[in-house]
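**Student:** First the structure, then my questions, so here it is.
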Amino acid sequence: MSAVVYEQREVRRARYAVAAVFAVHGAVTGSFATRVPWIQGHASVSAGQLGLALAFPALGASVAMPLAGSITHRFGARNALRGLISLWTLALVLPSLAPNLPALCLALFVYGATAGMADVAMNALGVEVENRLGRSIMSGLHGLWSAGALVGSAAGTLAAHLGSDARLHHALAAAVLTLLGVAACAWVLDIQPAEDEEPPPRFALPPKSALLIGAVGFCAVFAEGASLDWSAVYLRDQLDTSAGLAAACTTGFTLTMAVARIVGDKVVDRFGSVATVRVGGVLAALGGLLIVVAGNPAVAMGGFALMGLGIAVVVPLCFAAAGRSGPNPSLAIAGVATITYTSGLVAPSAIGGLAQATSLVVSFGLVTVLACGLVAFAGVLRAADRDRPKVSAEAAAVPGPRP
């Protein structure tokens, strides 16, 4: 076997390995989300107290994500990801063990911190594989995250239906997902820092380029969070639909995003990041307009489907752009991730507050305006398109120091 063929196989194997890690990461999220009602009852917290506790994952992630670059520099990309994904999968058991509100807040803080660090590490490796392949893969990786979340949700739904104790369910899920994550990490790129490379600061403000890219991600994640948490409520309250049809709208939105992400890489390779995000922004804005003017459930559901289709690839492209925006990809990715996590935290409460003061129609008018922001600011991704490497077979991935 020639060296070139071997190297090509190495990078393809690394792609599948990091894809598996994305799926494992998503499965943890899906497993947790379906058992929140059980966790609420076990901890004996009210709806308001639960809302407070659910802010702690984003807080933990925002605090811890900048540490991922230092951990990767010290231990190497493969060992860092192996350790961080294991911490994340094992952290799944913590919320279900919490007996009261303070313990639940602490558990969710740790849960979010491990999620955020693993998120940064796997996205950084995803960008590196994409660079070495010379074609887009980030959308597909995030699509597999969504697929993993759906699998975790399905298993959690079954466990809840059977009335199983969430402590047992999450312990078993954590054990299985930890084994899968560790096994996958054996094949990711083993990137080591160069001997003269300075370690990144443990805490630092993200570069300006990451802030601009993060603003695009903020718009997309705001629309995603609003649609996921409020689409069913919108159909029920505004259009007087049944609970089943309202829930189906949310499921349809999620499936649309997952499918669009899985096939999105081919679109990005053909048209580039900027054009893809701009067209996506148009579709999302059109979807928002349909939601606002909808007089029947079918129109609103079509609007939410268009919203999901339009925003699906934006966040993966933001991570890819951040990974090429400066000399420290992990720091830039952490900056973009912090902004998007913040958006996901703010969106549901912002939509609810605005709906309380006005109406849900006005709230989704705001979502539509933010979708227009994708069209206006997609140009910040242009540098990522220009710098996307077109590697030859001879330059294909060879694990080692980043050039």
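Chain labels follow the order of the structure tokens: the first chain is A, the next B, and so on; residue numbering restarts at 1 in every chain, and ligands are counted from 1 in their shown order.
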Find the spatial neighbours of region 238-254 of chain A, counting only C-alpha atoms, within a cut-off of 8 Å - ignore same-chain residues fewer than 6 positions away - and output them as number ranges by chain.
**Tutor:** A: 146, 227-228, 231-232, 295-297, 301, 304-305, 307-308, 360
**Student:** Residues at most 6 Å from Phe109 (chain A), counting only C-alpha atoms, excluding those fewer than 4 positions away in the same chain, as a PyMOL selection string?
**Tutor:** chain A and resi 56-57+60
**Student:** Could you list, as number ranges by chain, every residue within 10 Å of Trp38 (chain A), counting only C-alpha atoms and ignoring same-chain residues fewer than 4 positions away?
**Tutor:** A: 34, 42-44, 96, 160, 163-167
**Student:** Smallest atom-to-atom distance to Ala55 (chain A): which of A:Gly344, A:Gly134, A:Pro95, A:Gly280, using only C-alpha atoms?
**Tutor:**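 Among the listed residues, A:Gly344 lies closest to Ala55 (chain A).
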**Student:** Could you tell me which of A:Ala103, A:Leu289, A:Ile85, A:Val274 comes closest to Gly116 (chain A) if we count only C-alpha atoms?
**Tutor:**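 Counting only C-alpha atoms, the residue closest to Gly116 (chain A) is A:Ile85.
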